[in-house]
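work29.cif (mmCIF, C-alpha atoms)
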```cif
data_final
#
loop_
_atom_site.label_atom_id
_atom_site.label_comp_id
_atom_site.auth_asym_id
_atom_site.auth_seq_id
_atom_site.Cartn_x
_atom_site.Cartn_y
_atom_site.Cartn_z
CA MET A 1 -46.46 -57.66 56.06
CA ASP A 2 -43.29 -59.77 56.35
CA GLY A 3 -43.61 -59.84 60.13
CA ARG A 4 -47.25 -60.94 59.93
CA MET A 5 -46.38 -63.67 57.45
CA MET A 6 -43.59 -64.98 59.69
CA ARG A 7 -45.86 -65.02 62.71
CA SER A 8 -48.62 -66.83 60.80
CA VAL A 9 -46.18 -69.44 59.53
CA ARG A 10 -44.86 -69.91 63.07
CA LEU A 11 -48.39 -70.35 64.47
CA LYS A 12 -49.19 -72.89 61.78
CA GLU A 13 -45.99 -74.78 62.57
CA GLU A 14 -46.86 -74.89 66.27
CA GLU A 15 -50.35 -76.20 65.44
CA ASP A 16 -48.93 -78.95 63.24
CA SER A 17 -46.41 -80.12 65.84
CA PRO A 18 -47.59 -79.21 69.33
CA GLY A 19 -44.96 -79.01 72.01
CA LYS A 20 -42.12 -78.65 69.51
CA SER A 21 -41.68 -74.98 70.17
CA PHE A 22 -41.51 -75.35 73.92
CA THR A 23 -38.14 -75.77 75.62
CA ALA A 24 -37.64 -75.77 79.36
CA SER A 25 -34.25 -74.10 79.18
CA CYS A 26 -31.24 -73.77 76.94
CA LEU A 27 -29.53 -76.70 78.64
CA CYS A 28 -32.53 -78.96 79.07
CA GLY A 29 -34.34 -78.19 75.82
CA SER A 30 -33.70 -78.62 72.13
CA ALA A 31 -30.41 -78.27 70.30
CA PRO A 32 -31.38 -75.04 68.50
CA CYS A 33 -31.60 -73.24 71.85
CA ILE A 34 -27.94 -73.86 72.67
CA LEU A 35 -26.21 -72.71 69.52
CA CYS A 36 -28.83 -70.28 68.22
CA GLY A 37 -26.44 -67.39 68.76
CA CYS A 38 -23.62 -69.10 66.85
CA CYS A 39 -25.66 -70.92 64.20
CA PRO A 40 -28.79 -68.88 63.40
CA SER A 41 -31.21 -70.49 60.91
CA SER A 42 -29.10 -73.67 60.90
CA PRO A 43 -30.68 -77.12 60.52
CA ASN A 44 -31.43 -78.91 63.76
CA SER A 45 -29.58 -81.98 62.44
CA THR A 46 -26.32 -80.05 61.97
CA VAL A 47 -26.46 -78.37 65.38
CA SER A 48 -27.06 -81.70 67.15
CA ARG A 49 -24.13 -83.35 65.38
CA LEU A 50 -21.87 -80.45 66.30
CA LEU A 51 -22.84 -80.72 69.95
CA PHE A 52 -22.17 -84.46 70.07
CA THR A 53 -18.85 -83.86 68.32
CA SER A 54 -17.98 -81.23 70.92
CA PHE A 55 -18.51 -83.90 73.61
CA LEU A 56 -15.96 -86.08 71.79
CA PHE A 57 -13.51 -83.19 71.43
CA LEU A 58 -13.89 -82.45 75.14
CA GLY A 59 -12.90 -86.05 75.88
CA VAL A 60 -9.88 -85.68 73.57
CA LEU A 61 -8.82 -82.50 75.37
CA VAL A 62 -9.11 -84.19 78.76
CA SER A 63 -7.05 -87.12 77.46
CA ILE A 64 -4.30 -84.82 76.23
CA ILE A 65 -4.23 -83.01 79.57
CA MET A 66 -3.98 -86.32 81.41
CA LEU A 67 -0.83 -87.19 79.49
CA SER A 68 1.06 -84.27 81.03
CA PRO A 69 3.49 -85.27 83.83
CA SER A 70 1.94 -82.85 86.37
CA VAL A 71 -1.47 -84.46 85.99
CA GLU A 72 0.04 -87.93 86.17
CA SER A 73 1.45 -87.11 89.61
CA GLN A 74 -2.05 -86.26 90.86
CA LEU A 75 -3.44 -89.58 89.60
CA HIS A 76 -1.44 -91.40 92.29
CA LYS A 77 -4.29 -90.52 94.66
CA LEU A 78 -6.74 -92.83 92.84
CA PRO A 79 -7.08 -96.28 94.45
CA TRP A 80 -6.10 -98.41 91.43
CA VAL A 81 -2.92 -96.52 90.60
CA CYS A 82 0.29 -98.56 90.81
CA GLU A 83 -1.21 -101.23 93.08
CA ASP A 84 0.84 -104.40 92.72
CA VAL A 85 2.45 -103.07 89.53
CA LEU A 86 4.92 -100.49 90.85
CA GLN A 87 8.22 -101.38 89.21
CA GLY A 88 9.81 -97.95 89.54
CA PRO A 89 8.88 -94.27 89.42
CA ASN A 90 9.42 -93.95 85.68
CA ASP A 91 7.41 -97.07 84.80
CA CYS A 92 4.47 -96.13 86.98
CA GLY A 93 4.52 -92.44 86.09
CA SER A 94 4.45 -93.02 82.35
CA LEU A 95 1.85 -95.76 82.59
CA LEU A 96 -0.63 -93.58 84.47
CA GLY A 97 -1.08 -91.21 81.56
CA PHE A 98 -1.89 -94.00 79.13
CA ARG A 99 -4.18 -95.77 81.57
CA SER A 100 -6.06 -92.52 82.06
CA VAL A 101 -6.45 -92.09 78.29
CA TYR A 102 -7.76 -95.66 78.01
CA ARG A 103 -10.41 -94.94 80.63
CA MET A 104 -11.38 -91.54 79.25
CA CYS A 105 -11.82 -92.95 75.75
CA PHE A 106 -13.67 -95.95 77.16
CA ALA A 107 -16.14 -93.51 78.70
CA THR A 108 -16.71 -91.59 75.43
CA ALA A 109 -16.97 -94.81 73.43
CA ALA A 110 -19.48 -96.27 75.92
CA PHE A 111 -21.49 -93.02 75.85
CA PHE A 112 -21.78 -92.99 72.07
CA PHE A 113 -22.40 -96.75 71.91
CA LEU A 114 -25.34 -96.25 74.26
CA PHE A 115 -26.81 -93.74 71.79
CA THR A 116 -25.99 -96.08 68.90
CA LEU A 117 -28.33 -98.66 70.40
CA LEU A 118 -30.91 -96.12 71.55
CA MET A 119 -31.27 -94.43 68.15
CA ILE A 120 -31.68 -97.51 65.97
CA CYS A 121 -34.44 -97.06 63.33
CA VAL A 122 -35.33 -93.43 64.14
CA ARG A 123 -37.07 -92.27 60.96
CA SER A 124 -38.07 -88.68 61.72
CA SER A 125 -38.07 -86.05 64.44
CA ARG A 126 -41.62 -87.12 65.29
CA ASP A 127 -40.15 -90.22 66.92
CA PRO A 128 -40.01 -89.65 70.71
CA ARG A 129 -36.36 -90.73 70.72
CA ALA A 130 -35.49 -87.83 68.41
CA ALA A 131 -36.20 -85.47 71.31
CA ILE A 132 -33.41 -87.24 73.22
CA GLN A 133 -31.09 -86.95 70.23
CA ASN A 134 -31.74 -83.23 69.75
CA GLY A 135 -32.32 -82.12 73.32
CA PHE A 136 -31.64 -82.66 77.05
CA TRP A 137 -28.00 -81.69 76.60
CA PHE A 138 -27.38 -80.91 80.24
CA PHE A 139 -28.55 -84.37 81.29
CA LYS A 140 -26.55 -86.03 78.51
CA PHE A 141 -23.47 -84.21 79.73
CA LEU A 142 -24.15 -85.51 83.26
CA VAL A 143 -24.42 -89.06 81.86
CA LEU A 144 -21.05 -88.66 80.14
CA VAL A 145 -19.48 -87.34 83.35
CA GLY A 146 -20.98 -90.24 85.33
CA ILE A 147 -19.62 -92.84 82.90
CA THR A 148 -16.21 -91.15 83.00
CA VAL A 149 -16.04 -91.19 86.79
CA GLY A 150 -17.05 -94.85 86.84
CA ALA A 151 -14.44 -95.72 84.20
CA PHE A 152 -11.65 -94.41 86.42
CA TYR A 153 -12.58 -96.94 89.09
CA ILE A 154 -12.44 -99.98 86.79
CA PRO A 155 -9.94 -102.43 88.31
CA ASP A 156 -6.90 -102.60 86.08
CA GLY A 157 -6.35 -106.35 85.78
CA SER A 158 -6.57 -107.22 82.10
CA PHE A 159 -8.69 -104.18 81.21
CA SER A 160 -5.90 -102.31 79.38
CA LYS A 161 -4.86 -105.33 77.31
CA ILE A 162 -8.44 -106.20 76.31
CA TRP A 163 -9.37 -102.59 75.54
CA PHE A 164 -6.21 -102.28 73.42
CA TYR A 165 -7.62 -104.85 70.98
CA PHE A 166 -10.98 -103.06 70.89
CA GLY A 167 -9.01 -99.94 69.99
CA VAL A 168 -7.13 -101.77 67.24
CA VAL A 169 -10.32 -102.99 65.54
CA GLY A 170 -12.12 -99.66 65.90
CA SER A 171 -9.12 -97.73 64.58
CA PHE A 172 -8.88 -100.01 61.55
CA LEU A 173 -12.50 -99.20 60.65
CA PHE A 174 -12.08 -95.48 61.31
CA ILE A 175 -9.01 -95.32 59.02
CA LEU A 176 -11.24 -96.70 56.24
CA ILE A 177 -13.92 -94.10 57.04
CA GLN A 178 -11.27 -91.38 56.84
CA LEU A 179 -10.23 -92.61 53.40
CA ILE A 180 -13.87 -92.67 52.20
CA LEU A 181 -14.29 -89.07 53.33
CA LEU A 182 -11.04 -88.00 51.66
CA ILE A 183 -12.05 -89.69 48.38
CA ASP A 184 -15.45 -88.00 48.53
CA PHE A 185 -13.80 -84.65 49.28
CA ALA A 186 -11.43 -85.05 46.32
CA HIS A 187 -14.33 -86.03 44.02
CA SER A 188 -16.35 -82.98 45.08
CA TRP A 189 -13.30 -80.72 44.76
CA ASN A 190 -12.51 -82.01 41.26
CA GLN A 191 -16.14 -81.74 40.16
CA GLN A 192 -16.58 -78.18 41.41
CA TRP A 193 -13.38 -76.84 39.87
CA LEU A 194 -14.08 -78.53 36.54
CA GLY A 195 -17.56 -77.00 36.61
CA LYS A 196 -16.14 -73.55 37.31
CA ALA A 197 -13.61 -73.98 34.51
CA GLU A 198 -16.38 -74.74 32.02
CA GLU A 199 -18.64 -72.01 33.39
CA CYS A 200 -16.01 -69.27 33.37
CA ASP A 201 -14.14 -70.61 30.33
CA SER A 202 -10.92 -70.08 32.26
CA ARG A 203 -7.81 -72.25 32.31
CA ALA A 204 -6.92 -71.05 35.81
CA TRP A 205 -9.13 -73.73 37.36
CA TYR A 206 -7.43 -76.44 35.31
CA ALA A 207 -4.07 -75.03 36.37
CA GLY A 208 -5.17 -75.17 40.00
CA LEU A 209 -6.17 -78.83 39.71
CA PHE A 210 -2.87 -79.63 37.99
CA PHE A 211 -0.89 -77.77 40.67
CA PHE A 212 -2.48 -79.59 43.62
CA THR A 213 -2.27 -82.96 41.87
CA LEU A 214 1.43 -82.38 41.23
CA LEU A 215 1.91 -81.15 44.81
CA PHE A 216 0.29 -84.25 46.34
CA TYR A 217 2.37 -86.58 44.21
CA ALA A 218 5.53 -84.61 45.04
CA LEU A 219 4.78 -84.90 48.76
CA SER A 220 4.17 -88.63 48.33
CA ILE A 221 7.51 -89.11 46.57
CA ALA A 222 9.26 -87.09 49.28
CA ALA A 223 7.58 -89.24 51.95
CA ILE A 224 8.72 -92.43 50.23
CA THR A 225 12.29 -91.15 50.01
CA LEU A 226 12.37 -90.13 53.68
CA MET A 227 10.90 -93.45 54.78
CA PHE A 228 13.62 -95.35 52.93
CA ILE A 229 16.27 -93.10 54.52
CA TYR A 230 15.04 -93.09 58.14
CA TYR A 231 13.12 -96.36 58.50
CA THR A 232 15.35 -98.82 56.67
CA GLU A 233 18.93 -100.01 57.01
CA PRO A 234 21.15 -101.81 54.46
CA GLY A 235 20.85 -105.53 55.05
CA ALA A 236 18.08 -105.07 57.66
CA CYS A 237 14.53 -103.73 58.11
CA HIS A 238 13.20 -106.00 55.37
CA GLU A 239 9.60 -105.63 56.52
CA GLY A 240 9.73 -101.84 56.17
CA LYS A 241 11.25 -102.08 52.69
CA ILE A 242 8.53 -104.49 51.60
CA PHE A 243 5.72 -102.32 53.02
CA ILE A 244 7.03 -99.15 51.36
CA SER A 245 7.65 -100.88 48.03
CA LEU A 246 4.27 -102.61 47.96
CA ASN A 247 2.31 -99.46 48.77
CA LEU A 248 4.31 -97.51 46.20
CA THR A 249 3.48 -100.15 43.57
CA PHE A 250 -0.20 -100.23 44.52
CA CYS A 251 -0.47 -96.42 44.37
CA VAL A 252 1.14 -96.33 40.91
CA CYS A 253 -1.32 -99.00 39.73
CA VAL A 254 -4.46 -97.21 40.97
CA SER A 255 -3.17 -93.92 39.52
CA ILE A 256 -2.78 -95.54 36.10
CA ILE A 257 -6.18 -97.22 36.32
CA ALA A 258 -7.82 -93.89 37.26
CA VAL A 259 -6.91 -92.39 33.85
CA LEU A 260 -7.58 -95.39 31.62
CA PRO A 261 -9.98 -94.53 28.75
CA LYS A 262 -12.53 -97.17 29.79
CA VAL A 263 -12.57 -95.89 33.38
CA GLN A 264 -12.79 -92.28 32.20
CA GLU A 265 -15.72 -93.19 29.97
CA ALA A 266 -17.60 -94.85 32.84
CA GLN A 267 -16.42 -92.31 35.46
CA PRO A 268 -16.05 -88.88 33.77
CA ASN A 269 -15.15 -87.22 37.09
CA SER A 270 -12.40 -89.70 37.88
CA GLY A 271 -8.88 -88.34 37.60
CA LEU A 272 -5.44 -87.97 39.05
CA LEU A 273 -6.53 -85.52 41.76
CA GLN A 274 -8.44 -88.23 43.62
CA ALA A 275 -5.63 -90.72 43.00
CA SER A 276 -3.04 -88.25 44.34
CA VAL A 277 -5.07 -87.71 47.52
CA VAL A 278 -5.37 -91.48 48.04
CA THR A 279 -1.64 -91.89 47.37
CA LEU A 280 -0.67 -89.21 49.88
CA TYR A 281 -2.98 -90.63 52.56
CA THR A 282 -1.60 -94.14 51.92
CA MET A 283 1.92 -92.82 52.42
CA PHE A 284 0.83 -91.20 55.68
CA VAL A 285 -0.64 -94.48 56.96
CA THR A 286 2.54 -96.31 55.89
CA TRP A 287 4.67 -93.74 57.74
CA SER A 288 2.47 -94.11 60.80
CA ALA A 289 2.85 -97.90 60.62
CA LEU A 290 6.64 -97.75 60.36
CA SER A 291 6.75 -95.46 63.40
CA ASN A 292 5.39 -98.40 65.42
CA VAL A 293 8.00 -100.93 64.35
CA PRO A 294 9.51 -102.23 67.62
CA ASP A 295 13.02 -102.63 66.15
CA GLN A 296 15.22 -99.69 67.19
CA LYS A 297 17.36 -99.88 64.05
CA CYS A 298 14.28 -99.52 61.84
CA ASN A 299 12.37 -96.86 63.76
CA LEU A 300 13.36 -93.23 64.00
CA HIS A 301 10.99 -92.65 66.93
CA LEU A 302 12.33 -95.35 69.27
CA PRO A 303 15.05 -94.28 71.75
CA THR A 304 18.50 -95.73 71.23
CA ALA A 305 20.32 -97.55 73.98
CA GLY A 306 22.94 -94.82 74.23
CA GLY A 307 20.53 -91.91 74.16
CA ASN A 308 19.92 -89.49 77.00
CA GLN A 309 16.17 -90.06 76.88
CA THR A 310 14.81 -92.13 79.76
CA LEU A 311 12.13 -94.71 79.31
CA GLY A 312 9.71 -92.66 81.35
CA ASP A 313 10.31 -89.50 79.34
CA TYR A 314 9.87 -91.39 76.10
CA GLN A 315 6.67 -93.12 77.09
CA THR A 316 4.87 -89.98 78.21
CA GLN A 317 5.54 -88.16 74.92
CA TRP A 318 2.83 -88.94 72.38
CA TRP A 319 3.33 -85.78 70.34
CA ASP A 320 5.64 -87.16 67.66
CA ALA A 321 5.01 -86.11 64.05
CA PRO A 322 2.80 -89.08 63.01
CA SER A 323 0.59 -88.64 66.09
CA ILE A 324 0.19 -84.88 65.61
CA LEU A 325 -0.69 -85.28 61.92
CA GLY A 326 -3.04 -88.14 62.79
CA LEU A 327 -4.77 -85.92 65.37
CA ILE A 328 -5.23 -83.14 62.79
CA ILE A 329 -6.71 -85.53 60.22
CA PHE A 330 -8.97 -86.96 62.92
CA LEU A 331 -10.30 -83.50 63.82
CA LEU A 332 -10.95 -82.56 60.19
CA CYS A 333 -12.68 -85.84 59.32
CA THR A 334 -14.83 -85.76 62.43
CA LEU A 335 -15.96 -82.22 61.64
CA PHE A 336 -16.56 -83.33 58.05
CA ILE A 337 -18.92 -86.05 59.31
CA SER A 338 -20.75 -83.53 61.47
CA LEU A 339 -21.17 -80.64 59.05
CA ARG A 340 -22.09 -81.93 55.63
CA SER A 341 -23.69 -84.61 53.51
CA SER A 342 -21.97 -85.88 50.41
CA ASP A 343 -22.72 -84.78 46.87
CA HIS A 344 -22.63 -88.42 45.79
CA ARG A 345 -25.53 -90.76 46.44
CA GLN A 346 -23.34 -93.86 46.84
CA VAL A 347 -21.30 -92.19 49.61
CA ASN A 348 -24.50 -91.05 51.28
CA ASN A 349 -25.84 -94.60 51.19
CA LEU A 350 -22.61 -95.91 52.68
CA MET A 351 -22.31 -93.20 55.36
CA ARG A 352 -26.08 -93.14 55.98
CA THR A 353 -26.30 -89.37 55.36
CA GLU A 354 -28.66 -88.05 52.74
CA GLU A 355 -30.69 -84.87 52.51
CA CYS A 356 -33.39 -85.37 49.90
CA PRO A 357 -35.06 -82.46 48.07
CA ALA A 358 -38.46 -83.35 49.54
CA VAL A 359 -37.18 -82.69 53.05
CA LEU A 360 -35.58 -79.42 51.99
CA GLU A 361 -38.79 -78.24 50.31
CA ALA A 362 -40.87 -79.18 53.32
CA THR A 363 -38.71 -77.10 55.64
CA GLN A 364 -38.45 -73.91 53.60
CA GLN A 365 -41.12 -72.15 55.66
CA GLN A 366 -39.47 -73.27 58.90
CA GLN A 367 -36.14 -71.93 57.64
CA GLN A 368 -37.73 -68.57 56.91
CA VAL A 369 -39.15 -68.42 60.42
CA ALA A 370 -35.78 -69.46 61.88
CA ALA A 371 -33.97 -66.79 59.90
CA PHE A 372 -36.50 -64.22 61.10
CA GLU A 373 -36.10 -65.26 64.75
CA GLY A 374 -32.37 -66.05 64.63
CA ARG A 375 -32.62 -69.68 65.73
CA ALA A 376 -32.11 -73.16 64.33
CA PHE A 377 -35.01 -75.07 62.79
CA ASP A 378 -36.28 -78.65 62.70
CA ASN A 379 -35.58 -80.05 59.21
CA GLU A 380 -36.39 -83.67 60.02
CA GLN A 381 -40.15 -83.80 60.58
CA ASP A 382 -40.69 -85.75 57.36
CA GLY A 383 -37.51 -87.81 57.57
CA VAL A 384 -34.08 -87.74 59.18
CA THR A 385 -31.21 -86.36 57.09
CA TYR A 386 -28.70 -88.80 58.56
CA SER A 387 -28.75 -92.07 60.46
CA TYR A 388 -28.62 -91.18 64.16
CA SER A 389 -27.37 -94.64 65.04
CA PHE A 390 -24.61 -94.78 62.41
CA PHE A 391 -23.44 -91.28 63.32
CA HIS A 392 -22.94 -92.34 66.94
CA PHE A 393 -21.22 -95.53 65.78
CA CYS A 394 -18.76 -93.36 63.83
CA LEU A 395 -18.07 -91.43 67.04
CA VAL A 396 -17.47 -94.74 68.85
CA LEU A 397 -14.84 -95.60 66.23
CA ALA A 398 -13.43 -92.07 66.48
CA SER A 399 -13.05 -92.49 70.25
CA LEU A 400 -11.12 -95.72 69.76
CA TYR A 401 -8.96 -94.21 67.02
CA ILE A 402 -7.98 -91.18 69.08
CA MET A 403 -7.20 -93.46 72.04
CA MET A 404 -4.72 -95.40 69.90
CA THR A 405 -3.29 -92.20 68.40
CA LEU A 406 -2.66 -90.55 71.77
CA THR A 407 -1.02 -93.70 73.13
CA ASN A 408 1.13 -94.18 70.00
CA TRP A 409 -0.64 -97.52 69.44
CA TYR A 410 1.44 -98.95 72.29
CA SER A 411 0.26 -102.06 74.07
CA PRO A 412 0.62 -102.79 77.82
CA ASN A 413 2.70 -105.92 78.33
CA GLU A 414 2.98 -108.29 81.28
CA THR A 415 5.22 -105.89 83.20
CA GLN A 416 2.69 -103.08 82.76
CA LYS A 417 4.99 -101.13 80.45
CA MET A 418 3.64 -99.52 77.28
CA ILE A 419 5.52 -100.98 74.33
CA SER A 420 5.28 -100.81 70.57
CA THR A 421 4.12 -104.03 68.91
CA TRP A 422 3.87 -105.51 65.43
CA THR A 423 0.10 -105.65 65.90
CA ALA A 424 -0.19 -101.90 65.35
CA VAL A 425 2.09 -102.11 62.31
CA TRP A 426 0.05 -104.83 60.61
CA VAL A 427 -3.28 -103.18 61.40
CA LYS A 428 -2.20 -99.92 59.76
CA ILE A 429 -0.65 -101.62 56.75
CA CYS A 430 -3.73 -103.80 56.24
CA ALA A 431 -5.91 -100.68 56.57
CA SER A 432 -3.89 -98.99 53.82
CA TRP A 433 -4.33 -102.03 51.57
CA ALA A 434 -8.05 -102.20 52.30
CA GLY A 435 -8.35 -98.48 51.52
CA LEU A 436 -6.57 -98.91 48.18
CA CYS A 437 -8.86 -101.84 47.33
CA LEU A 438 -11.87 -99.69 48.21
CA TYR A 439 -10.70 -96.88 45.93
CA LEU A 440 -9.95 -99.37 43.16
CA TRP A 441 -13.48 -100.70 43.49
CA THR A 442 -14.92 -97.21 43.00
CA LEU A 443 -13.00 -97.05 39.72
CA VAL A 444 -13.84 -100.44 38.22
CA ALA A 445 -17.31 -101.06 39.70
CA PRO A 446 -19.16 -99.24 36.86
CA LEU A 447 -17.32 -101.46 34.37
CA LEU A 448 -17.95 -104.71 36.22
CA LEU A 449 -21.59 -103.89 37.04
CA PRO A 450 -22.87 -101.85 34.08
CA ASN A 451 -26.53 -102.25 35.12
CA ARG A 452 -25.96 -100.58 38.48
CA ASP A 453 -26.29 -96.82 38.98
CA PHE A 454 -22.98 -95.41 40.24
CA SER A 455 -23.72 -91.77 39.51
#
```

The structure in this file should be written as structure tokens.
Amino acid sequence: MDGRMMRSVRLKEEEDSPGKSFTASCLCGSAPCILCGCCPSSPNSTVSRLLFTSFLFLGVLVSIIMLSPSVESQLHKLPWVCEDVLQGPNDCGSLLGFRSVYRMCFATAAFFFLFTLLMICVRSSRDPRAAIQNGFWFFKFLVLVGITVGAFYIPDGSFSKIWFYFGVVGSFLFILIQLILLIDFAHSWNQQWLGKAEECDSRAWYAGLFFFTLLFYALSIAAITLMFIYYTEPGACHEGKIFISLNLTFCVCVSIIAVLPKVQEAQPNSGLLQASVVTLYTMFVTWSALSNVPDQKCNLHLPTAGGNQTLGDYQTQWWDAPSILGLIIFLLCTLFISLRSSDHRQVNNLMRTEECPAVLEATQQQQQVAAFEGRAFDNEQDGVTYSYSFFHFCLVLASLYIMMTLTNWYSPNETQKMISTWTAVWVKICASWAGLCLYLWTLVAPLLLPNRDFS
């Protein structure tokens, strides 16, 4: 009986949407066909986002490989390499890796920007453009490869300097998106554990929240102490001292505001866990900013004049601690964008991701059929669960952010050397301030706008 019911539901589905069930092949057809073995009965929207994210991760992997010295030596065979800019073997060798990363990330950013424009105002999977979003993966991969090959033949000229500023702006926006996702994660975490504490009538959940809150604040205090030790000098490094002190003051202020009675009354789920997460992330961004200070006395990561490290060796090494941690946070946040929608309507409105109950109810029969057949299902016939265009725009920003992370936010100067600049420092510091202002707004907005729904 169950088998007959599944077959009848499947036949009805095919009658309602003819042609949906047909796919030419796993590479040329719909997204469910590709990952059906890994993600059975998964929503079509999630599988598509994972596949696009895998394209981005592939570009990141290629960029990391291109930074290795052995690959740099092979890049000499390309026509634009070291023409009219060869100042020495170390200068040229280290520059090749960064130039390759710029072009690889340009290709991924251009690829996702193309889809950003193409997917504007797609309302449901019945839109013909949704078939492009959720299918034809082999051809989309060929398009990405074609753009990448073309990017490597862009004449150098001022390309690196101009693209550096595109990377700065995009990275600034992506840092804010990361903070939004972290705040949403902390809100959901706090809400779930408080709910379990009330449901189970157990103090263990409260103890867990207290432990992680204390841990995050302890890590933040340790980070502040280490930054004062390694990134400041007595009578010097005044900028670093001001940045650390200001961000410490701002974090203390938002932590106090988060537990004020008026804020707690308007925001019952607000607490120190979210504030501790924001504080720790702010300290990370501050640390990352100080690692780009061009003054050797005020930067632990810059080589000293008497050191054994050559300029070429230094420039090809992106894997310092801030870059590695930034790469890990980037991977987690990008997967977070791809895998889930928020539990909070305001975050969904901001991130353009919302899965309404009507859509879920309309796809229950399809989910049963998918579970029976072991494949993904189309959950967007009545309406998309996320903005296709905004999702691709986030991947554009992610491409620019990872480009700046892998190149240590260094800028090519007139002699074609990659150098650290104050531009990167100010962008990161301003991003940390903007993130704190954004979190502060989430705390006080219900008080300032009592007629608005901030649930």

Check your understanding: Can you list, as a ChimeraX atom specification, the residues that the PyMOL selection byres ((chain A and resi 154-169) around 9) selects here?
Key -> /A:80-81,99,102-103,106,150-153,170-174,397,399-404,409-413,423-424,427

Point to revise | One-decimal distance in Å that lies between atom CA of A:Tyr230 and atom CA of A:Asn292 | key: 13.2 Å

Exercise for review: List the residues matched by the PyMOL selection byres ((chain A and resi 179-194) around 8) in the displayed structure as JSON, numbers by chain, ordered by chain and then by residue number.
Suggested key: {"A": [175, 176, 177, 178, 195, 196, 197, 198, 205, 206, 209, 269, 270, 273, 274, 277, 278, 281, 333, 336, 342, 343, 344, 347, 435, 439]}

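Here atom CA of A:Val145 stands at a distance of 23.6 Å from atom CA of A:Thr46.
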
Review point. Of the candidates A:Ser288, A:Ser100, A:Ser338, A:Gln296, which one gets nearest to A:Ile324 if we count only C-alpha atoms?
Key: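 When distances to A:Ile324 are compared using only C-alpha atoms, the smallest one comes from A:Ser288.
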
Taking all atoms of stretch 132-138 of chain A that appear in the file, build a box with edges along x, y and z, extend it by 4 Å on every side, and state its centre and edge lengths in Å to one decimal, as lines of an AutoDock Vina configuration file.
```
center_x = -30.4
center_y = -84.1
center_z = 75.0
size_x = 14.0
size_y = 14.3
size_z = 18.5
```

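Applied to this file, the PyMOL selection byres ((chain A and resi 54-63) around 8) selects Leu50, Leu51, Phe52, Thr53, Ile64, Ile65, Met66, Leu67, Ser100, Val101, Met104, Cys105, Thr108, Phe141, Leu395, Ser399, Ile402 and Leu406 of chain A.
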
Practice item. Have a look at atom CA of A:Asn408 and atom CA of A:Ser291 and let me know their distance in Å, one decimal. Key: 8.8 Å
